[in-house]
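Novice: File follows, query_4.pdb with PDB, C-alpha atoms:
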```pdb
ATOM      1  CA  MET A   1     -10.139  32.549  -8.137  1.00  0.00           C
ATOM      2  CA  THR A   2      -9.053  29.826 -10.566  1.00  0.00           C
ATOM      3  CA  GLU A   3      -9.806  26.167 -10.095  1.00  0.00           C
ATOM      4  CA  SER A   4      -6.871  24.084  -8.921  1.00  0.00           C
ATOM      5  CA  THR A   5      -5.922  21.305 -11.280  1.00  0.00           C
ATOM      6  CA  SER A   6      -3.839  18.262 -10.591  1.00  0.00           C
ATOM      7  CA  ARG A   7      -2.155  15.793 -12.852  1.00  0.00           C
ATOM      8  CA  THR A   8      -0.562  12.491 -11.912  1.00  0.00           C
ATOM      9  CA  ASP A   9       1.918  10.613 -14.069  1.00  0.00           C
ATOM     10  CA  SER A  10       2.672   6.876 -14.039  1.00  0.00           C
ATOM     11  CA  THR A  11       5.317   7.250 -11.326  1.00  0.00           C
ATOM     12  CA  GLY A  12       2.915   8.806  -8.855  1.00  0.00           C
ATOM     13  CA  ALA A  13       4.204  12.356  -9.169  1.00  0.00           C
ATOM     14  CA  THR A  14       1.342  14.762  -8.691  1.00  0.00           C
ATOM     15  CA  GLU A  15       1.460  18.281 -10.019  1.00  0.00           C
ATOM     16  CA  ALA A  16      -1.049  20.620  -8.447  1.00  0.00           C
ATOM     17  CA  ALA A  17      -1.196  24.381  -8.761  1.00  0.00           C
ATOM     18  CA  GLY A  18       2.362  24.598 -10.031  1.00  0.00           C
ATOM     19  CA  THR A  19       3.914  22.386  -7.344  1.00  0.00           C
ATOM     20  CA  SER A  20       5.109  18.820  -7.569  1.00  0.00           C
ATOM     21  CA  GLU A  21       4.445  16.396  -4.726  1.00  0.00           C
ATOM     22  CA  GLU A  22       5.983  12.999  -5.374  1.00  0.00           C
ATOM     23  CA  LEU A  23       4.380   9.914  -3.897  1.00  0.00           C
ATOM     24  CA  ARG A  24       7.098   7.577  -2.639  1.00  0.00           C
ATOM     25  CA  PRO A  25       6.674   3.777  -2.659  1.00  0.00           C
ATOM     26  CA  GLY A  26       8.059   3.531   0.878  1.00  0.00           C
ATOM     27  CA  GLN A  27       5.555   6.044   2.213  1.00  0.00           C
ATOM     28  CA  LEU A  28       2.631   4.383   0.438  1.00  0.00           C
ATOM     29  CA  CYS A  29       3.600   0.912   1.645  1.00  0.00           C
ATOM     30  CA  ALA A  30       3.948   2.111   5.247  1.00  0.00           C
ATOM     31  CA  GLU A  31       0.383   3.420   4.968  1.00  0.00           C
ATOM     32  CA  LEU A  32      -0.816   0.210   3.292  1.00  0.00           C
ATOM     33  CA  LEU A  33       0.460  -1.747   6.294  1.00  0.00           C
ATOM     34  CA  LEU A  34      -2.183   0.018   8.389  1.00  0.00           C
ATOM     35  CA  ALA A  35      -4.875  -0.954   5.892  1.00  0.00           C
ATOM     36  CA  LEU A  36      -3.684  -4.548   6.129  1.00  0.00           C
ATOM     37  CA  ASP A  37      -4.500  -4.497   9.851  1.00  0.00           C
ATOM     38  CA  ALA A  38      -8.191  -3.991   9.040  1.00  0.00           C
ATOM     39  CA  SER A  39      -8.082  -6.834   6.548  1.00  0.00           C
ATOM     40  CA  GLU A  40      -6.670  -9.096   9.246  1.00  0.00           C
ATOM     41  CA  GLY A  41      -9.617  -8.242  11.497  1.00  0.00           C
ATOM     42  CA  ARG A  42     -12.074  -9.340   8.792  1.00  0.00           C
ATOM     43  CA  ARG A  43     -10.133 -12.523   8.117  1.00  0.00           C
ATOM     44  CA  LYS A  44     -10.214 -13.629  11.748  1.00  0.00           C
ATOM     45  CA  ARG A  45     -14.008 -13.296  11.914  1.00  0.00           C
ATOM     46  CA  ARG A  46     -14.704 -15.512   8.890  1.00  0.00           C
ATOM     47  CA  ALA A  47     -16.395 -18.843   9.560  1.00  0.00           C
ATOM     48  CA  ARG A  48     -14.212 -20.754   7.097  1.00  0.00           C
ATOM     49  CA  ASP A  49     -10.564 -21.872   7.240  1.00  0.00           C
ATOM     50  CA  THR A  50      -8.598 -18.713   6.476  1.00  0.00           C
ATOM     51  CA  THR A  51      -5.130 -20.272   6.453  1.00  0.00           C
ATOM     52  CA  PRO A  52      -4.620 -19.502   2.727  1.00  0.00           C
ATOM     53  CA  ASP A  53      -5.666 -15.891   3.365  1.00  0.00           C
ATOM     54  CA  ALA A  54      -3.211 -15.632   6.246  1.00  0.00           C
ATOM     55  CA  ILE A  55      -0.381 -16.943   4.072  1.00  0.00           C
ATOM     56  CA  GLY A  56      -1.129 -14.403   1.331  1.00  0.00           C
ATOM     57  CA  MET A  57      -1.390 -11.552   3.817  1.00  0.00           C
ATOM     58  CA  ARG A  58       1.932 -12.596   5.409  1.00  0.00           C
ATOM     59  CA  ILE A  59       3.613 -12.459   1.994  1.00  0.00           C
ATOM     60  CA  LYS A  60       2.024  -9.089   1.276  1.00  0.00           C
ATOM     61  CA  ARG A  61       3.042  -7.731   4.689  1.00  0.00           C
ATOM     62  CA  GLU A  62       6.649  -8.851   4.117  1.00  0.00           C
ATOM     63  CA  LEU A  63       6.709  -7.162   0.695  1.00  0.00           C
ATOM     64  CA  LEU A  64       5.190  -3.964   2.084  1.00  0.00           C
ATOM     65  CA  GLU A  65       7.763  -3.895   4.890  1.00  0.00           C
ATOM     66  CA  GLU A  66      10.622  -4.453   2.411  1.00  0.00           C
ATOM     67  CA  ILE A  67       9.359  -1.651   0.171  1.00  0.00           C
ATOM     68  CA  ALA A  68       8.871   0.705   3.122  1.00  0.00           C
ATOM     69  CA  LEU A  69      12.506   0.120   4.120  1.00  0.00           C
ATOM     70  CA  ALA A  70      14.028   0.186   0.614  1.00  0.00           C
ATOM     71  CA  ASP A  71      11.830   3.047  -0.637  1.00  0.00           C
ATOM     72  CA  PRO A  72      12.751   2.616  -4.317  1.00  0.00           C
ATOM     73  CA  ALA A  73      12.454   5.647  -6.568  1.00  0.00           C
ATOM     74  CA  PRO A  74       8.966   5.980  -8.071  1.00  0.00           C
ATOM     75  CA  ALA A  75      10.310   5.568 -11.615  1.00  0.00           C
ATOM     76  CA  GLU A  76      12.069   2.346 -10.560  1.00  0.00           C
ATOM     77  CA  PHE A  77       9.279   0.848  -8.442  1.00  0.00           C
ATOM     78  CA  GLU A  78       7.918  -1.530 -11.078  1.00  0.00           C
ATOM     79  CA  ALA A  79      11.408  -2.846 -11.855  1.00  0.00           C
ATOM     80  CA  TRP A  80      12.046  -3.237  -8.102  1.00  0.00           C
ATOM     81  CA  LEU A  81       8.901  -5.369  -7.785  1.00  0.00           C
ATOM     82  CA  VAL A  82       9.876  -7.502 -10.788  1.00  0.00           C
ATOM     83  CA  GLN A  83      13.358  -8.058  -9.333  1.00  0.00           C
ATOM     84  CA  ARG A  84      11.849  -9.049  -5.992  1.00  0.00           C
ATOM     85  CA  CYS A  85       9.618 -11.611  -7.757  1.00  0.00           C
ATOM     86  CA  LEU A  86      12.615 -13.040  -9.578  1.00  0.00           C
ATOM     87  CA  GLN A  87      14.447 -13.391  -6.256  1.00  0.00           C
ATOM     88  CA  ALA A  88      11.637 -15.666  -5.053  1.00  0.00           C
ATOM     89  CA  GLY A  89      12.704 -18.194  -7.696  1.00  0.00           C
ATOM     90  CA  VAL A  90      10.495 -21.220  -8.259  1.00  0.00           C
ATOM     91  CA  ALA A  91       8.056 -20.066  -5.567  1.00  0.00           C
ATOM     92  CA  ASP A  92       7.432 -16.725  -7.264  1.00  0.00           C
ATOM     93  CA  GLY A  93       3.695 -17.276  -7.919  1.00  0.00           C
ATOM     94  CA  PRO A  94       2.391 -16.078  -4.531  1.00  0.00           C
ATOM     95  CA  VAL A  95       4.992 -13.298  -4.376  1.00  0.00           C
ATOM     96  CA  ARG A  96       4.059 -12.190  -7.891  1.00  0.00           C
ATOM     97  CA  ALA A  97       0.353 -12.130  -6.968  1.00  0.00           C
ATOM     98  CA  MET A  98       1.009  -9.909  -3.949  1.00  0.00           C
ATOM     99  CA  ALA A  99       3.439  -7.707  -5.919  1.00  0.00           C
ATOM    100  CA  LEU A 100       0.726  -7.170  -8.536  1.00  0.00           C
ATOM    101  CA  SER A 101      -1.734  -6.263  -5.793  1.00  0.00           C
ATOM    102  CA  ILE A 102       0.719  -3.702  -4.402  1.00  0.00           C
ATOM    103  CA  TRP A 103       1.368  -2.353  -7.912  1.00  0.00           C
ATOM    104  CA  ASP A 104      -2.389  -1.926  -8.422  1.00  0.00           C
ATOM    105  CA  GLU A 105      -2.631  -0.046  -5.126  1.00  0.00           C
ATOM    106  CA  TRP A 106       0.314   2.135  -6.189  1.00  0.00           C
ATOM    107  CA  ARG A 107      -1.493   3.037  -9.414  1.00  0.00           C
ATOM    108  CA  LEU A 108      -4.723   3.715  -7.499  1.00  0.00           C
ATOM    109  CA  ALA A 109      -2.917   5.958  -5.015  1.00  0.00           C
ATOM    110  CA  ALA A 110      -1.248   7.815  -7.877  1.00  0.00           C
ATOM    111  CA  THR A 111      -4.588   8.653  -9.460  1.00  0.00           C
ATOM    112  CA  THR A 112      -7.145   8.806  -6.640  1.00  0.00           C
ATOM    113  CA  ARG A 113      -7.000  11.588  -4.095  1.00  0.00           C
ATOM    114  CA  GLU A 114      -9.659   9.967  -1.898  1.00  0.00           C
ATOM    115  CA  PHE A 115      -7.651   6.740  -1.586  1.00  0.00           C
ATOM    116  CA  ARG A 116      -4.545   8.715  -0.589  1.00  0.00           C
ATOM    117  CA  ARG A 117      -6.574  10.680   1.972  1.00  0.00           C
ATOM    118  CA  TRP A 118      -8.011   7.442   3.449  1.00  0.00           C
ATOM    119  CA  LEU A 119      -4.515   5.961   3.763  1.00  0.00           C
ATOM    120  CA  ALA A 120      -3.078   9.160   5.255  1.00  0.00           C
ATOM    121  CA  HIS A 121      -5.785   9.035   7.938  1.00  0.00           C
ATOM    122  CA  GLY A 122      -4.601   5.573   8.972  1.00  0.00           C
ATOM    123  CA  ALA A 123      -6.963   3.567   6.720  1.00  0.00           C
ATOM    124  CA  PRO A 124      -9.912   3.760   9.138  1.00  0.00           C
ATOM    125  CA  SER A 125     -12.196   0.736   9.058  1.00  0.00           C
ATOM    126  CA  ASP A 126     -14.943  -0.765  11.184  1.00  0.00           C
ATOM    127  CA  ASP A 127     -13.215  -4.111  10.574  1.00  0.00           C
ATOM    128  CA  ARG A 128     -10.047  -3.111  12.440  1.00  0.00           C
ATOM    129  CA  GLU A 129      -9.729  -5.039  15.675  1.00  0.00           C
ATOM    130  CA  ASN A 130      -9.390  -2.931  18.784  1.00  0.00           C
ATOM    131  CA  GLY A 131      -6.902  -3.982  21.411  1.00  0.00           C
ATOM    132  CA  ASP A 132      -4.941  -6.399  19.205  1.00  0.00           C
ATOM    133  CA  GLY A 133      -1.422  -5.343  18.386  1.00  0.00           C
ATOM    134  CA  PRO A 134       0.096  -1.910  18.722  1.00  0.00           C
ATOM    135  CA  SER A 135      -2.180   1.121  18.825  1.00  0.00           C
ATOM    136  CA  ARG A 136      -1.690   3.387  15.862  1.00  0.00           C
ATOM    137  CA  GLU A 137      -2.882   6.944  15.740  1.00  0.00           C
ATOM    138  CA  PRO A 138      -4.024   8.446  12.423  1.00  0.00           C
ATOM    139  CA  ARG A 139      -1.457  10.759  10.856  1.00  0.00           C
ATOM    140  CA  SER A 140      -2.220  14.413  10.418  1.00  0.00           C
ATOM    141  CA  MET A 141      -3.000  15.647   6.913  1.00  0.00           C
ATOM    142  CA  SER A 142      -0.878  18.811   7.253  1.00  0.00           C
TER
END
```
Produce structure tokens that represent the structure in this file.
Specialist:
Amino acid sequence: MTESTSRTDSTGATEAAGTSEELRPGQLCAELLLALDASEGRRKRRARDTTPDAIGMRIKRELLEEIALADPAPAEFEAWLVQRCLQAGVADGPVRAMALSIWDEWRLAATTREFRRWLAHGAPSDDRENGDGPSREPRSMS
């Protein structure tokens, strides 16, 4: 039996054992929204004023929701993010920071199988609050 190899290009397309499975920005961002829930649980338990954190997470959540709905093509994702930053106009600094964070997560997901597996399982975390907001079941890995 030969060892399975995989290769991921800059758009997130993964080739494994002769097949091509393309990671879509919309799919990734829908999964990242679940991970954001755990981050919110940590933020609420901090002893300091977390208003700036909440503002940043709100901007990130809005971007993730927009991307999940628009689902730009992987090859056009970076340009989509740049265009979205330009649309923010003078107030593009916070939007740009969150867009860069999402871009970094896109690159990580494109190259790290474990990160993709964690996201596909619903981004499990001990920091996720139970009982707050809608209950979300982990997705199957089939």
Novice: Name all residues at most 10 Å from segment 80-85 of chain A (count all atoms listed in the file; drop same-chain ones fewer than 6 positions away) and give them as a list in words.
Specialist: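 After dropping sequence-adjacent residues, the list is Leu63, Glu66, Ile67, Ala70, Asp71, Pro72, Ala73, Pro74, Ala91, Asp92, Gly93, Pro94, Val95, Arg96, Ala97, Met98, Ala99, Leu100, Ile102 and Trp103 of chain A.
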Novice: Between atom CA of Leu64 of chain A and atom CA of Cys29 of chain A, what distance in Å does the model show, to one decimal?
Specialist: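 Taking atom CA of Leu64 of chain A and atom CA of Cys29 of chain A, their separation equals 5.1 Å.
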Novice: Distance atom CA of Thr50 of chain A-atom CA of Ala30 of chain A, one decimal place?
Specialist: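 Between these atoms lies a distance of 24.3 Å.
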Novice: Between atom CA of Leu34 of chain A and atom CA of Gln87 of chain A, what distance in Å does the model show, to one decimal?
Specialist: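 Straight-line distance from atom CA of Leu34 of chain A to atom CA of Gln87 of chain A works out to 25.9 Å.
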Novice: Can you give me, as JSON, numbers by chain, the residues this file yields under the PyMOL selection byres ((chain A and resi 32) around 9)?
Specialist: {"A": [27, 28, 29, 30, 31, 33, 34, 35, 36, 37, 61, 64, 102, 105, 119, 122, 123]}
Novice: Please put the answer as lines of an AutoDock Vina configuration file: centre and edge lengths, in Å with one decimal, of a box along x, y and z that encloses all listed atoms of segment 111-115 of chain A plus 6 Å on each side.
Specialist:
```
center_x = -7.1
center_y = 9.2
center_z = -5.5
size_x = 17.1
size_y = 16.8
size_z = 19.9
```
